[in-house]
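> Structure incoming, see below.
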Amino acid sequence: MIRYSLKCDKGHTFDSWFKSGEAFEKLKASNMVACAVCGSDDVAKTLMAPSVSTDKERPLSAPHSPAEQALAELRKEVESKSEYVGTRFAKEARAMHDGNAPIRSIYGEAKAEEAKALIEEGVPVIPLPFGPKKTQN
């Protein structure tokens with residue numbers, strides 16, 4: 001994994017992780033790298049210094065921009081007030097919608113086709129702008 005410092009044509013700066021330098025270039029060429037603040041796909045790498053940490057308890061990065069801070073706060077709110085159901089999300093959401101499970105706040109993971117089917121069935125779901133936290137062993 002490699003982390004790049006990026007800047008869009010509107011002057012917003014943000015960091016993003018990529019599988020490799022080649023993966024970044026392929027995604028950029030496909031206009032799939034967008035500004036985390038405004039959504040512009042006119043993004044370029046900026047100068048950055050390498051960062052090496054020996055502190056295993058320190059998170060990879062703290063939120064830098066107001067948008068990253070808002071996203072971190074949203075994640076904290078969702079995780080503290082909802083039940084994580086993992087890959088059972090589509091099954092649980094459908095069961096609640098059909099009256100076969102108690103109504104409660106849940107979050108989890110669903111494949112694109114599962115999410116599309118839920119929406120087509122009228123199940124009230126929304127995508128979250130973050131993935132599940134990785135568990136450490």
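Identifiers in this document derive from the order of the structure tokens: chains are assigned A, B, ..., residues are numbered from 1 separately in each chain, and ligands are numbered from 1 in order of occurrence.
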Give me, as JSON lines, each residue of segment 11-109 of chain A that comes within 9 Å of segment 116-119 of chain A, together with its shortest interatomic pair and the distance in Å at one decimal, counting only C-alpha atoms, with rows ordered by chain and rising residue number.


{"residue": "A:Ala90", "atom": "CA", "partner": "A:Leu118", "partner_atom": "CA", "distance": 7.1}
{"residue": "A:Ala93", "atom": "CA", "partner": "A:Leu118", "partner_atom": "CA", "distance": 8.1}
{"residue": "A:Arg94", "atom": "CA", "partner": "A:Leu118", "partner_atom": "CA", "distance": 7.1}

> Skip Trp17 of chain A itself and residues of its chain fewer than 4 positions away, then list as a list in words all residues within 7 Å of it, counting only C-alpha atoms.

Met1, Ile2, Arg3 and Tyr4 of chain A

> Hey, can you spit out that residue selection with C-alpha atoms as a CSV table (one decimal), in the first residue's frame?


chain,number,residue,atom,x,y,z
A,1,MET,CA,0.0,0.0,0.0
A,2,ILE,CA,1.1,3.5,-0.7
A,3,ARG,CA,-0.3,6.8,0.6
A,4,TYR,CA,-0.3,9.8,-1.7

> Tell me which protein, DNA and RNA residues are within 9 Å of Lys10 of chain A, counting only C-alpha atoms, leaving out same-chain ones fewer than 3 positions away, and put them as a CSV table (one decimal) with C-alpha atoms, in the first residue's frame.


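Output file result.csv is given in full below:
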chain,number,residue,atom,x,y,z
A,7,LYS,CA,-4.5,18.2,-4.6
A,38,CYS,CA,-15.5,18.7,-3.8
A,40,SER,CA,-13.4,17.0,-8.8
A,42,ASP,CA,-8.8,16.8,-11.8

> With distances taken over only C-alpha atoms, which of A:Ala67, A:Ala95, A:Val123, A:Leu128 is nearest to Glu79 of chain A?

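Counting only C-alpha atoms, the residue closest to Glu79 of chain A is A:Leu128.
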
> List every residue of chain A that DSSP, applied to the backbone of this structure, places in alpha helix (DSSP H), and write the result as number ranges by chain.

A: 21-29, 66-81, 89-97, 112-120

> Work out how far atom CA of Glu73 of chain A is from atom CA of Ser20 of chain A, in Å to one decimal.

28.8 Å

> Do you have the atom CA of Gly39 of chain A-atom CA of Leu71 of chain A distance handy?

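It comes out at 14.9 Å.
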
> Figure out the distance between atom CA of Asp41 of chain A and atom CA of Ala29 of chain A, please, to one decimal in Å.

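Separating atom CA of Ala29 of chain A from atom CA of Asp41 of chain A is a distance of 9.9 Å.
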